[in-house]
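Novice: Data: run33.cif, mmCIF, C-alpha atoms and all ligand atoms.
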```cif
data_entry
#
loop_
_atom_site.group_PDB
_atom_site.id
_atom_site.type_symbol
_atom_site.label_atom_id
_atom_site.label_comp_id
_atom_site.auth_asym_id
_atom_site.auth_seq_id
_atom_site.Cartn_x
_atom_site.Cartn_y
_atom_site.Cartn_z
ATOM 1 C CA MET M 634 98.871 84.495 114.660
ATOM 2 C CA THR M 635 101.795 84.586 112.202
ATOM 3 C CA MET M 636 104.726 86.890 112.948
ATOM 4 C CA PRO M 637 105.462 89.557 110.330
ATOM 5 C CA ARG M 638 108.599 88.797 108.308
ATOM 6 C CA PRO M 639 111.729 90.926 108.956
ATOM 7 C CA LEU M 640 111.336 92.486 105.490
ATOM 8 C CA THR M 641 107.778 93.541 106.328
ATOM 9 C CA LEU M 642 108.974 95.117 109.597
ATOM 10 C CA LEU M 643 111.750 96.943 107.747
ATOM 11 C CA ILE M 644 109.276 98.229 105.172
ATOM 12 C CA GLY M 645 106.926 99.366 107.954
ATOM 13 C CA PHE M 646 109.777 101.316 109.539
ATOM 14 C CA ALA M 647 110.752 102.817 106.169
ATOM 15 C CA LEU M 648 107.132 103.829 105.525
ATOM 16 C CA LEU M 649 106.877 105.645 108.853
ATOM 17 C CA THR M 650 110.130 107.514 108.327
ATOM 18 C CA ALA M 651 109.365 108.323 104.670
ATOM 19 C CA LEU M 652 105.903 109.665 105.518
ATOM 20 C CA PRO M 653 106.998 113.157 106.714
ATOM 21 C CA PHE M 654 109.195 113.604 103.614
ATOM 22 C CA ALA M 655 106.367 112.541 101.308
ATOM 23 C CA LEU M 656 103.902 114.892 103.033
ATOM 24 C CA VAL M 657 106.265 117.874 102.790
ATOM 25 C CA SER M 658 106.974 117.057 99.136
ATOM 26 C CA ALA M 659 103.260 116.788 98.257
ATOM 27 C CA LEU M 660 102.375 119.991 100.148
ATOM 28 C CA GLN M 661 105.229 121.895 98.491
ATOM 29 C CA GLY M 662 103.971 120.695 95.103
ATOM 30 C CA ILE M 663 100.325 121.578 95.816
ATOM 31 C CA ASP M 664 101.330 124.981 97.216
ATOM 32 C CA GLY M 665 103.458 125.726 94.167
ATOM 33 C CA LEU M 666 100.977 124.710 91.482
ATOM 34 C CA ASP M 667 98.950 127.937 91.615
ATOM 35 C CA MET M 668 102.227 129.792 90.931
ATOM 36 C CA ALA M 669 101.469 132.323 93.671
ATOM 37 C CA GLN M 670 103.509 131.164 96.657
ATOM 38 C CA ALA M 671 103.516 133.680 99.527
ATOM 39 C CA GLU M 672 107.172 132.811 100.100
ATOM 40 C CA PRO M 673 108.407 131.803 96.645
ATOM 41 C CA THR M 674 110.900 128.943 96.547
ATOM 42 C CA ARG M 675 113.698 128.840 93.996
ATOM 43 C CA PHE M 676 111.536 126.451 91.946
ATOM 44 C CA LEU M 677 109.037 129.195 91.134
ATOM 45 C CA HIS M 678 109.974 130.734 87.784
ATOM 46 C CA PRO M 679 107.239 133.197 86.765
ATOM 47 C CA GLU M 680 108.882 133.526 83.341
ATOM 48 C CA ASP M 681 108.903 129.728 82.821
ATOM 49 C CA GLY M 682 105.648 128.402 84.244
ATOM 50 C CA ALA M 683 106.004 125.086 82.386
ATOM 51 C CA ALA M 684 109.233 124.234 84.217
ATOM 52 C CA SER M 685 107.841 125.180 87.640
ATOM 53 C CA ARG M 686 104.555 123.338 87.124
ATOM 54 C CA ALA M 687 106.391 120.243 85.871
ATOM 55 C CA LEU M 688 108.524 120.213 89.030
ATOM 56 C CA PHE M 689 105.557 120.828 91.342
ATOM 57 C CA VAL M 690 103.606 117.991 89.702
ATOM 58 C CA HIS M 691 106.692 115.760 90.054
ATOM 59 C CA MET M 692 106.780 116.528 93.801
ATOM 60 C CA ILE M 693 103.148 115.423 94.230
ATOM 61 C CA ALA M 694 103.491 112.295 92.057
ATOM 62 C CA GLY M 695 106.864 111.492 93.662
ATOM 63 C CA ALA M 696 105.340 111.623 97.149
ATOM 64 C CA ALA M 697 102.707 109.017 96.226
ATOM 65 C CA VAL M 698 105.284 106.863 94.440
ATOM 66 C CA THR M 699 107.686 106.908 97.430
ATOM 67 C CA LEU M 700 105.032 105.562 99.803
ATOM 68 C CA LEU M 701 103.147 103.164 97.516
ATOM 69 C CA ALA M 702 106.295 101.622 96.016
ATOM 70 C CA LEU M 703 107.305 100.529 99.519
ATOM 71 C CA LEU M 704 104.078 98.527 99.821
ATOM 72 C CA GLN M 705 104.448 96.650 96.535
ATOM 73 C CA PRO M 706 107.024 94.045 97.725
ATOM 74 C CA VAL M 707 104.984 93.135 100.847
ATOM 75 C CA ALA M 708 103.998 89.502 100.286
ATOM 76 C CA ALA M 709 101.070 89.666 102.730
ATOM 77 C CA ILE M 710 99.367 92.359 100.617
ATOM 78 C CA ARG M 711 100.125 90.619 97.310
ATOM 79 C CA ASP M 712 98.808 87.281 98.563
ATOM 80 C CA ARG M 713 95.756 88.468 100.498
ATOM 81 C CA TRP M 714 94.641 91.381 98.354
ATOM 82 C CA PRO M 715 96.037 90.884 94.843
ATOM 83 C CA ARG M 716 93.687 93.565 93.514
ATOM 84 C CA VAL M 717 95.185 96.130 95.900
ATOM 85 C CA HIS M 718 98.641 95.134 94.634
ATOM 86 C CA ARG M 719 97.537 95.571 91.003
ATOM 87 C CA VAL M 720 95.750 98.909 91.452
ATOM 88 C CA SER M 721 98.510 100.358 93.616
ATOM 89 C CA GLY M 722 101.089 98.981 91.162
ATOM 90 C CA ARG M 723 99.481 100.863 88.275
ATOM 91 C CA ILE M 724 99.462 104.061 90.343
ATOM 92 C CA VAL M 725 103.173 103.534 91.093
ATOM 93 C CA VAL M 726 103.990 102.978 87.403
ATOM 94 C CA PHE M 727 101.957 105.979 86.218
ATOM 95 C CA GLY M 728 103.256 108.114 89.094
ATOM 96 C CA ALA M 729 106.870 107.124 88.401
ATOM 97 C CA LEU M 730 106.480 108.134 84.734
ATOM 98 C CA LEU M 731 104.946 111.460 85.781
ATOM 99 C CA THR M 732 107.662 112.063 88.398
ATOM 100 C CA ALA M 733 110.424 111.302 85.911
ATOM 101 C CA ALA M 734 108.821 113.372 83.137
ATOM 102 C CA GLY M 735 108.369 116.355 85.490
ATOM 103 C CA GLY M 736 111.939 116.166 86.771
ATOM 104 C CA LEU M 737 113.388 115.739 83.280
ATOM 105 C CA THR M 738 111.363 118.681 81.938
ATOM 106 C CA TYR M 739 112.650 120.888 84.742
ATOM 107 C CA ILE M 740 116.253 119.792 84.136
ATOM 108 C CA ALA M 741 115.948 120.454 80.395
ATOM 109 C CA ARG M 742 114.510 123.969 80.951
ATOM 110 C CA GLN M 743 116.164 125.194 84.157
ATOM 111 C CA GLY M 744 118.985 122.793 85.022
ATOM 112 C CA THR M 745 119.694 122.113 88.703
ATOM 113 C CA ILE M 746 121.274 124.023 91.555
ATOM 114 C CA GLY M 747 124.407 121.817 91.383
ATOM 115 C CA GLY M 748 125.125 122.440 87.684
ATOM 116 C CA ALA M 749 125.821 120.036 84.825
ATOM 117 C CA GLY M 750 127.016 117.108 86.967
ATOM 118 C CA MET M 751 123.925 117.180 89.162
ATOM 119 C CA SER M 752 121.663 117.627 86.128
ATOM 120 C CA ALA M 753 123.245 114.606 84.435
ATOM 121 C CA GLY M 754 123.009 112.458 87.589
ATOM 122 C CA PHE M 755 119.373 113.398 88.235
ATOM 123 C CA ALA M 756 118.495 112.905 84.557
ATOM 124 C CA LEU M 757 119.984 109.392 84.680
ATOM 125 C CA TYR M 758 117.930 108.763 87.816
ATOM 126 C CA GLY M 759 114.755 109.853 86.018
ATOM 127 C CA VAL M 760 115.461 107.716 82.956
ATOM 128 C CA LEU M 761 116.175 104.639 85.117
ATOM 129 C CA LEU M 762 113.021 105.207 87.168
ATOM 130 C CA ALA M 763 110.864 105.494 84.042
ATOM 131 C CA GLY M 764 112.572 102.452 82.469
ATOM 132 C CA ALA M 765 112.048 100.308 85.574
ATOM 133 C CA ALA M 766 108.372 101.359 85.709
ATOM 134 C CA ILE M 767 107.804 100.355 82.077
ATOM 135 C CA MET M 768 109.612 97.010 82.470
ATOM 136 C CA THR M 769 107.724 96.164 85.680
ATOM 137 C CA LEU M 770 104.379 96.736 83.958
ATOM 138 C CA ARG M 771 105.509 94.923 80.802
ATOM 139 C CA HIS M 772 106.216 91.695 82.710
ATOM 140 C CA ALA M 773 103.200 91.864 85.049
ATOM 141 C CA GLY M 774 100.862 88.919 84.536
ATOM 142 C CA ARG M 775 103.254 87.441 81.985
ATOM 143 C CA ASP M 776 106.598 86.556 83.585
ATOM 144 C CA ILE M 777 106.389 86.685 87.367
ATOM 145 C CA ALA M 778 110.149 86.256 87.996
ATOM 146 C CA ARG M 779 111.065 89.173 85.703
ATOM 147 C CA HIS M 780 108.149 91.245 87.031
ATOM 148 C CA ARG M 781 109.456 90.816 90.592
ATOM 149 C CA ARG M 782 113.036 91.647 89.648
ATOM 150 C CA TRP M 783 111.985 94.821 87.826
ATOM 151 C CA GLY M 784 109.549 95.623 90.624
ATOM 152 C CA LEU M 785 112.389 95.518 93.166
ATOM 153 C CA ARG M 786 114.498 97.826 90.971
ATOM 154 C CA LEU M 787 111.505 100.151 90.672
ATOM 155 C CA THR M 788 110.970 100.219 94.448
ATOM 156 C CA TRP M 789 114.654 101.000 95.129
ATOM 157 C CA LEU M 790 114.600 103.802 92.582
ATOM 158 C CA ALA M 791 111.246 105.107 93.782
ATOM 159 C CA ILE M 792 112.586 105.584 97.312
ATOM 160 C CA GLY M 793 115.829 107.098 95.951
ATOM 161 C CA SER M 794 114.721 110.676 96.460
ATOM 162 C CA TRP M 795 113.875 109.950 100.103
ATOM 163 C CA LEU M 796 117.173 108.034 100.560
ATOM 164 C CA TYR M 797 118.944 111.121 99.178
ATOM 165 C CA ARG M 798 117.624 113.145 102.127
ATOM 166 C CA VAL M 799 118.338 110.305 104.587
ATOM 167 C CA GLN M 800 121.941 110.038 103.378
ATOM 168 C CA TYR M 801 122.429 113.812 103.584
ATOM 169 C CA GLY M 802 120.923 113.826 107.094
ATOM 170 C CA LEU M 803 123.165 110.999 108.308
ATOM 171 C CA TRP M 804 126.243 112.572 106.705
ATOM 172 C CA HIS M 805 125.566 115.960 108.289
ATOM 173 C CA ALA M 806 124.970 114.298 111.672
ATOM 174 C CA ALA M 807 128.196 112.270 111.391
ATOM 175 C CA SER M 808 130.558 114.817 109.821
ATOM 176 C CA GLY M 809 128.925 118.173 110.390
ATOM 177 C CA GLY M 810 128.444 118.483 106.627
ATOM 178 C CA ALA M 811 132.076 118.085 105.494
ATOM 179 C CA GLY M 812 132.423 118.256 101.708
ATOM 180 C CA SER M 813 128.964 119.742 101.271
ATOM 181 C CA THR M 814 128.195 123.355 100.320
ATOM 182 C CA PRO M 815 124.966 125.369 99.854
ATOM 183 C CA SER M 816 125.625 125.409 96.078
ATOM 184 C CA PHE M 817 126.155 121.614 96.031
ATOM 185 C CA ASP M 818 129.695 121.751 94.640
ATOM 186 C CA GLY M 819 131.577 120.020 97.471
ATOM 187 C CA PRO M 820 133.092 116.537 97.024
ATOM 188 C CA PHE M 821 130.292 114.920 99.023
ATOM 189 C CA ASP M 822 127.658 116.729 96.938
ATOM 190 C CA GLN M 823 129.370 115.627 93.740
ATOM 191 C CA ALA M 824 129.562 112.008 94.887
ATOM 192 C CA MET M 825 125.853 112.227 95.661
ATOM 193 C CA PHE M 826 124.946 113.234 92.095
ATOM 194 C CA VAL M 827 124.659 109.492 91.466
ATOM 195 C CA GLY M 828 125.562 108.203 94.946
ATOM 196 C CA PHE M 829 121.980 108.274 96.170
ATOM 197 C CA PHE M 830 120.733 105.614 93.769
ATOM 198 C CA LEU M 831 123.544 103.926 91.801
ATOM 199 C CA PRO M 832 125.356 102.020 94.615
ATOM 200 C CA HIS M 833 122.030 100.671 95.898
ATOM 201 C CA LEU M 834 121.085 99.575 92.411
ATOM 202 C CA ILE M 835 124.414 97.804 91.894
ATOM 203 C CA LEU M 836 124.062 96.015 95.266
ATOM 204 C CA LEU M 837 120.529 94.975 94.330
ATOM 205 C CA GLU M 838 121.814 93.664 90.986
ATOM 206 C CA ILE M 839 124.482 91.584 92.791
ATOM 207 C CA TYR M 840 121.804 90.233 95.143
ATOM 208 C CA LEU M 841 119.460 89.365 92.262
ATOM 209 C CA ARG M 842 122.239 87.537 90.397
ATOM 210 C CA ARG M 843 123.404 85.536 93.421
ATOM 211 C CA ARG M 844 119.913 84.657 94.616
ATOM 212 C CA PRO M 845 119.041 81.078 93.629
ATOM 213 C CA GLY M 846 116.410 81.284 90.890
ATOM 214 C CA PRO M 847 113.775 78.681 90.038
ATOM 215 C CA ALA M 848 115.320 75.609 88.392
ATOM 216 C CA ALA M 849 115.095 75.716 84.584
ATOM 217 C CA PRO M 850 112.678 73.097 83.210
ATOM 218 C CA PRO M 851 114.508 70.180 81.557
ATOM 219 C CA GLN M 852 114.629 70.098 77.749
ATOM 220 C CA GLY M 853 111.367 68.825 76.285
ATOM 221 C CA ALA M 854 109.481 69.481 79.518
ATOM 222 C CA ILE M 855 105.842 70.538 79.341
ATOM 223 C CA ARG M 856 105.647 74.277 78.799
ATOM 224 C CA PRO M 857 103.819 76.347 81.435
ATOM 225 C CA PRO M 858 100.197 77.175 80.558
ATOM 226 C CA PRO M 859 99.478 80.540 78.905
ATOM 227 C CA PRO M 860 98.386 83.369 81.213
ATOM 228 C CA ARG M 861 94.747 83.323 82.306
ATOM 229 C CA GLU M 862 92.133 85.631 80.845
ATOM 230 C CA GLY M 863 91.976 88.878 82.760
ATOM 231 C CA THR M 864 95.748 89.241 82.945
ATOM 232 C CA ARG M 865 96.053 90.179 79.272
ATOM 233 C CA SER M 866 95.445 93.873 79.786
ATOM 234 C CA LEU M 867 98.723 93.975 81.751
ATOM 235 C CA GLN M 868 100.715 92.248 79.059
ATOM 236 C CA LYS M 869 101.413 95.221 76.828
ATOM 237 C CA GLY M 870 104.443 97.344 77.700
HETATM 238 C C1 LIG W 1 110.775 109.526 93.465
HETATM 239 C C2 LIG W 1 110.204 110.490 94.117
HETATM 240 C C3 LIG W 1 110.640 111.933 94.102
HETATM 241 C C4 LIG W 1 110.253 112.837 95.042
HETATM 242 C C5 LIG W 1 109.335 112.581 96.219
HETATM 243 C C6 LIG W 1 110.877 114.096 94.708
HETATM 244 C C7 LIG W 1 110.720 115.260 95.430
HETATM 245 C C8 LIG W 1 111.425 116.426 95.213
HETATM 246 C C9 LIG W 1 111.376 117.595 96.055
HETATM 247 C C10 LIG W 1 110.526 117.744 97.332
HETATM 248 C C11 LIG W 1 112.184 118.527 95.529
HETATM 249 C C12 LIG W 1 112.465 119.930 96.097
HETATM 250 C C13 LIG W 1 113.719 119.833 96.941
HETATM 251 C C14 LIG W 1 113.966 121.080 97.759
HETATM 252 O O1 LIG W 1 113.022 121.650 98.310
HETATM 253 O O2 LIG W 1 115.148 121.504 97.825
HETATM 254 C C15 LIG W 1 112.750 117.952 94.329
HETATM 255 C C16 LIG W 1 113.644 118.590 93.501
HETATM 256 C C17 LIG W 1 114.065 118.091 92.289
HETATM 257 N N1 LIG W 1 113.826 116.831 91.795
HETATM 258 FE FE1 LIG W 1 112.720 115.390 92.656
HETATM 259 N N2 LIG W 1 111.616 113.926 93.582
HETATM 260 C C18 LIG W 1 111.511 112.633 93.161
HETATM 261 C C19 LIG W 1 112.102 112.070 92.050
HETATM 262 C C20 LIG W 1 112.800 112.769 91.091
HETATM 263 C C21 LIG W 1 113.270 112.241 89.832
HETATM 264 C C22 LIG W 1 113.045 110.817 89.339
HETATM 265 C C23 LIG W 1 113.930 113.240 89.172
HETATM 266 C C24 LIG W 1 114.628 113.179 87.854
HETATM 267 C C25 LIG W 1 114.064 113.230 86.720
HETATM 268 C C26 LIG W 1 113.864 114.402 90.029
HETATM 269 C C27 LIG W 1 114.389 115.640 89.702
HETATM 270 C C28 LIG W 1 114.393 116.736 90.554
HETATM 271 C C29 LIG W 1 115.041 117.997 90.219
HETATM 272 C C30 LIG W 1 115.795 118.315 88.939
HETATM 273 C C31 LIG W 1 114.847 118.841 91.315
HETATM 274 C C32 LIG W 1 115.370 120.267 91.477
HETATM 275 C C33 LIG W 1 116.850 120.166 91.824
HETATM 276 C C34 LIG W 1 117.409 121.515 92.247
HETATM 277 O O3 LIG W 1 117.786 122.300 91.393
HETATM 278 O O4 LIG W 1 117.450 121.745 93.471
HETATM 279 N N3 LIG W 1 113.178 114.077 91.162
HETATM 280 N N4 LIG W 1 112.276 116.682 94.169
#
```
Write the structure described by the file as structure tokens, please.
Ligand code: HEM

Specialist:
Amino acid sequence: MTMPRPLTLLIGFALLTALPFALVSALQGIDGLDMAQAEPTRFLHPEDGAASRALFVHMIAGAAVTLLALLQPVAAIRDRWPRVHRVSGRIVVFGALLTAAGGLTYIARQGTIGGAGMSAGFALYGVLLAGAAIMTLRHAGRDIARHRRWGLRLTWLAIGSWLYRVQYGLWHAASGGAGSTPSFDGPFDQAMFVGFFLPHLILLEIYLRRRPGPAAPPQGAIRPPPPREGTRSLQKG
């Protein structure tokens, strides 16, 4: 029996710890969609149903994206069940677009609890998530190296919302919540407007650039064959 790789173990651990967050997010979204919450949250705006519904849909889609995106880099799944990888990958891409669109709609109509800085940071997060989803799909079945690089960016961004809660939890445990206020205007809150996804993305970029890539074929070398039939449907971005 082969031992699971350290990355697979890490992903398994992340999945288990992300599961409660994803469940709560999905349930909050489902509960909110009928716009008749027994205990209304601050996301329920009876006068602006479009904003509330967009955010509730984003919670449901985001929950699926958080969990499924973690499975996409697992080599054992890709190699043994490529169809599972493809179907789940399409759900992640579609879900990421829905999550981003829902979040962006809410920001445009209602803003965020932390004001302009938080709205700008979260909007950037949404745009990057949607962009990474489109680029991952665009290169699928066409350019495997680019597809994997964009896929890793997509996975990091997809778990960003969960990492946001993890980072807040760790910070509160370590510092008792220094620099954080209920209205999200403390220095820690402000750093977190982009701090929950941008540093990770920059570190990933450094890793991707330093990682030895496949050697470039010498000039005049035989070009790789065109993609097989059946992969063409994935080739359009
Ligand atoms: C990737 C998976 C995501 C999940 C699972 C998720 C989940 C959630 C949840 C559960 C809430 C409610 C938080 C609370 O109860 O206080 C929330 C709020 C929010 N999310 Fe997301 N989200 C995700 C991604 C995104 C993205 C990409 C954007 C940006 C477009 C975004 C924008 C927002 C906004 C604007 C709020 C309300 C902020 C506020 O005023 O408190 N989310 N999200």

Novice: Give as number ranges by chain the residues surrounding ligand LIG 1 (chain W) up to a distance of 8 Å, considering only C-alpha atoms and all ligand atoms.

Specialist: M: 654-655, 657-659, 661-662, 674, 676, 688, 691-699, 729, 732-740, 743-747, 752, 755-760, 762-763, 790-795

Novice: Keeping only C-alpha atoms, write those residues as a PDB file, keeping the file's coordinate frame.

Specialist:
```pdb
ATOM      1  CA  PHE M 654     109.195 113.604 103.614  1.00  0.00           C
ATOM      2  CA  ALA M 655     106.367 112.541 101.308  1.00  0.00           C
ATOM      3  CA  VAL M 657     106.265 117.874 102.790  1.00  0.00           C
ATOM      4  CA  SER M 658     106.974 117.057  99.136  1.00  0.00           C
ATOM      5  CA  ALA M 659     103.260 116.788  98.257  1.00  0.00           C
ATOM      6  CA  GLN M 661     105.229 121.895  98.491  1.00  0.00           C
ATOM      7  CA  GLY M 662     103.971 120.695  95.103  1.00  0.00           C
ATOM      8  CA  THR M 674     110.900 128.943  96.547  1.00  0.00           C
ATOM      9  CA  PHE M 676     111.536 126.451  91.946  1.00  0.00           C
ATOM     10  CA  LEU M 688     108.524 120.213  89.030  1.00  0.00           C
ATOM     11  CA  HIS M 691     106.692 115.760  90.054  1.00  0.00           C
ATOM     12  CA  MET M 692     106.780 116.528  93.801  1.00  0.00           C
ATOM     13  CA  ILE M 693     103.148 115.423  94.230  1.00  0.00           C
ATOM     14  CA  ALA M 694     103.491 112.295  92.057  1.00  0.00           C
ATOM     15  CA  GLY M 695     106.864 111.492  93.662  1.00  0.00           C
ATOM     16  CA  ALA M 696     105.340 111.623  97.149  1.00  0.00           C
ATOM     17  CA  ALA M 697     102.707 109.017  96.226  1.00  0.00           C
ATOM     18  CA  VAL M 698     105.284 106.863  94.440  1.00  0.00           C
ATOM     19  CA  THR M 699     107.686 106.908  97.430  1.00  0.00           C
ATOM     20  CA  ALA M 729     106.870 107.124  88.401  1.00  0.00           C
ATOM     21  CA  THR M 732     107.662 112.063  88.398  1.00  0.00           C
ATOM     22  CA  ALA M 733     110.424 111.302  85.911  1.00  0.00           C
ATOM     23  CA  ALA M 734     108.821 113.372  83.137  1.00  0.00           C
ATOM     24  CA  GLY M 735     108.369 116.355  85.490  1.00  0.00           C
ATOM     25  CA  GLY M 736     111.939 116.166  86.771  1.00  0.00           C
ATOM     26  CA  LEU M 737     113.388 115.739  83.280  1.00  0.00           C
ATOM     27  CA  THR M 738     111.363 118.681  81.938  1.00  0.00           C
ATOM     28  CA  TYR M 739     112.650 120.888  84.742  1.00  0.00           C
ATOM     29  CA  ILE M 740     116.253 119.792  84.136  1.00  0.00           C
ATOM     30  CA  GLN M 743     116.164 125.194  84.157  1.00  0.00           C
ATOM     31  CA  GLY M 744     118.985 122.793  85.022  1.00  0.00           C
ATOM     32  CA  THR M 745     119.694 122.113  88.703  1.00  0.00           C
ATOM     33  CA  ILE M 746     121.274 124.023  91.555  1.00  0.00           C
ATOM     34  CA  GLY M 747     124.407 121.817  91.383  1.00  0.00           C
ATOM     35  CA  SER M 752     121.663 117.627  86.128  1.00  0.00           C
ATOM     36  CA  PHE M 755     119.373 113.398  88.235  1.00  0.00           C
ATOM     37  CA  ALA M 756     118.495 112.905  84.557  1.00  0.00           C
ATOM     38  CA  LEU M 757     119.984 109.392  84.680  1.00  0.00           C
ATOM     39  CA  TYR M 758     117.930 108.763  87.816  1.00  0.00           C
ATOM     40  CA  GLY M 759     114.755 109.853  86.018  1.00  0.00           C
ATOM     41  CA  VAL M 760     115.461 107.716  82.956  1.00  0.00           C
ATOM     42  CA  LEU M 762     113.021 105.207  87.168  1.00  0.00           C
ATOM     43  CA  ALA M 763     110.864 105.494  84.042  1.00  0.00           C
ATOM     44  CA  LEU M 790     114.600 103.802  92.582  1.00  0.00           C
ATOM     45  CA  ALA M 791     111.246 105.107  93.782  1.00  0.00           C
ATOM     46  CA  ILE M 792     112.586 105.584  97.312  1.00  0.00           C
ATOM     47  CA  GLY M 793     115.829 107.098  95.951  1.00  0.00           C
ATOM     48  CA  SER M 794     114.721 110.676  96.460  1.00  0.00           C
ATOM     49  CA  TRP M 795     113.875 109.950 100.103  1.00  0.00           C
TER      50      TRP M 795
END
```

Novice: Go through M:Gln670, M:Arg844, M:Gly682, M:Gly665 and flag the residue nearest Ala778 of chain M, using only C-alpha atoms for the distances.

Specialist: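 Distance minimum relative to Ala778 of chain M lands on M:Arg844.
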
Novice: With only C-alpha atoms as the atoms that count, which of M:Leu649, M:Ala671, M:Ala683, M:Ala765 lies nearest to Phe727 of chain M?

Specialist: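 Counting only C-alpha atoms, the residue closest to Phe727 of chain M is M:Ala765.
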
Novice: For the structure provided, state which residues fall under the PyMOL selection byres (((chain M and resi 823-833) around 9) and not hetatm), and present them as a PyMOL selection string.

Specialist: chain M and resi 747+750-755+757-758+789-790+792-794+796-798+800-801+812-813+817-822+834-838

Novice: If you measure from atom CA of Ala741 of chain M to atom CA of Ala684 of chain M, what distance in Å do you get, rounded to one decimal?

Specialist: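 Atom-to-atom, atom CA of Ala741 of chain M and atom CA of Ala684 of chain M are spaced 8.6 Å apart.
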
Novice: Which polymer residues have any atom within 12 Å of an atom of Thr641 of chain M, counting all atoms listed in the file, with same-chain residues fewer than 2 positions away left out, as a short mmCIF file (atom, residue, chain, number, x, y, z; two decimals) with C-alpha atoms, keeping the file's coordinate frame?

Specialist:
```cif
data_model
loop_
_atom_site.label_atom_id
_atom_site.label_comp_id
_atom_site.auth_asym_id
_atom_site.auth_seq_id
_atom_site.Cartn_x
_atom_site.Cartn_y
_atom_site.Cartn_z
CA MET M 636 104.73 86.89 112.95
CA PRO M 637 105.46 89.56 110.33
CA ARG M 638 108.60 88.80 108.31
CA PRO M 639 111.73 90.93 108.96
CA LEU M 643 111.75 96.94 107.75
CA ILE M 644 109.28 98.23 105.17
CA GLY M 645 106.93 99.37 107.95
CA PHE M 646 109.78 101.32 109.54
CA ALA M 647 110.75 102.82 106.17
CA LEU M 648 107.13 103.83 105.52
CA LEU M 703 107.30 100.53 99.52
CA LEU M 704 104.08 98.53 99.82
CA GLN M 705 104.45 96.65 96.54
CA PRO M 706 107.02 94.04 97.72
CA VAL M 707 104.98 93.14 100.85
CA ALA M 708 104.00 89.50 100.29
CA ALA M 709 101.07 89.67 102.73
CA ILE M 710 99.37 92.36 100.62
#
```

Novice: Report the distance between atom CA of Val799 of chain M and atom CA of Ala651 of chain M in Å, rounded to one decimal place.

Specialist: 9.2 Å

Novice: Please evaluate the PyMOL selection byres (((chain M and resi 780) around 12) and not hetatm) against the structure above and give the resulting residues as an NGL selection string.

Specialist: :M and (705-706 or 722 or 765-779 or 781-788 or 867-868 or 870)

Novice: Would you mind exporting segment 826-838 of chain M with N, CA and C atoms, as a short mmCIF file (atom, residue, chain, number, x, y, z; two decimals), in the first residue's frame?

Specialist:
```cif
data_model
loop_
_atom_site.label_atom_id
_atom_site.label_comp_id
_atom_site.auth_asym_id
_atom_site.auth_seq_id
_atom_site.Cartn_x
_atom_site.Cartn_y
_atom_site.Cartn_z
N PHE M 826 -8.24 43.47 5.47
CA PHE M 826 -9.05 43.76 4.29
C PHE M 826 -8.48 43.04 3.06
N VAL M 827 -7.14 43.00 2.99
CA VAL M 827 -6.50 42.21 1.92
C VAL M 827 -5.59 41.12 2.50
N GLY M 828 -5.35 41.20 3.84
CA GLY M 828 -4.38 40.30 4.46
C GLY M 828 -4.80 38.84 4.47
N PHE M 829 -6.06 38.57 4.17
CA PHE M 829 -6.49 37.17 4.23
C PHE M 829 -6.27 36.43 2.92
N PHE M 830 -5.92 37.16 1.86
CA PHE M 830 -5.66 36.44 0.60
C PHE M 830 -4.39 36.92 -0.12
N LEU M 831 -4.03 38.21 0.02
CA LEU M 831 -2.93 38.73 -0.80
C LEU M 831 -1.56 38.15 -0.41
N PRO M 832 -1.19 38.10 0.89
CA PRO M 832 0.12 37.53 1.23
C PRO M 832 0.27 36.09 0.75
N HIS M 833 -0.82 35.31 0.88
CA HIS M 833 -0.74 33.90 0.47
C HIS M 833 -0.52 33.81 -1.03
N LEU M 834 -1.18 34.73 -1.74
CA LEU M 834 -1.08 34.71 -3.20
C LEU M 834 0.33 35.09 -3.64
N ILE M 835 0.91 36.07 -2.94
CA ILE M 835 2.28 36.50 -3.28
C ILE M 835 3.26 35.35 -2.98
N LEU M 836 3.09 34.68 -1.84
CA LEU M 836 3.97 33.55 -1.51
C LEU M 836 3.82 32.44 -2.55
N LEU M 837 2.60 32.19 -2.97
CA LEU M 837 2.37 31.15 -3.99
C LEU M 837 3.07 31.55 -5.29
N GLU M 838 2.99 32.83 -5.64
CA GLU M 838 3.63 33.33 -6.87
C GLU M 838 5.13 33.11 -6.79
#
```
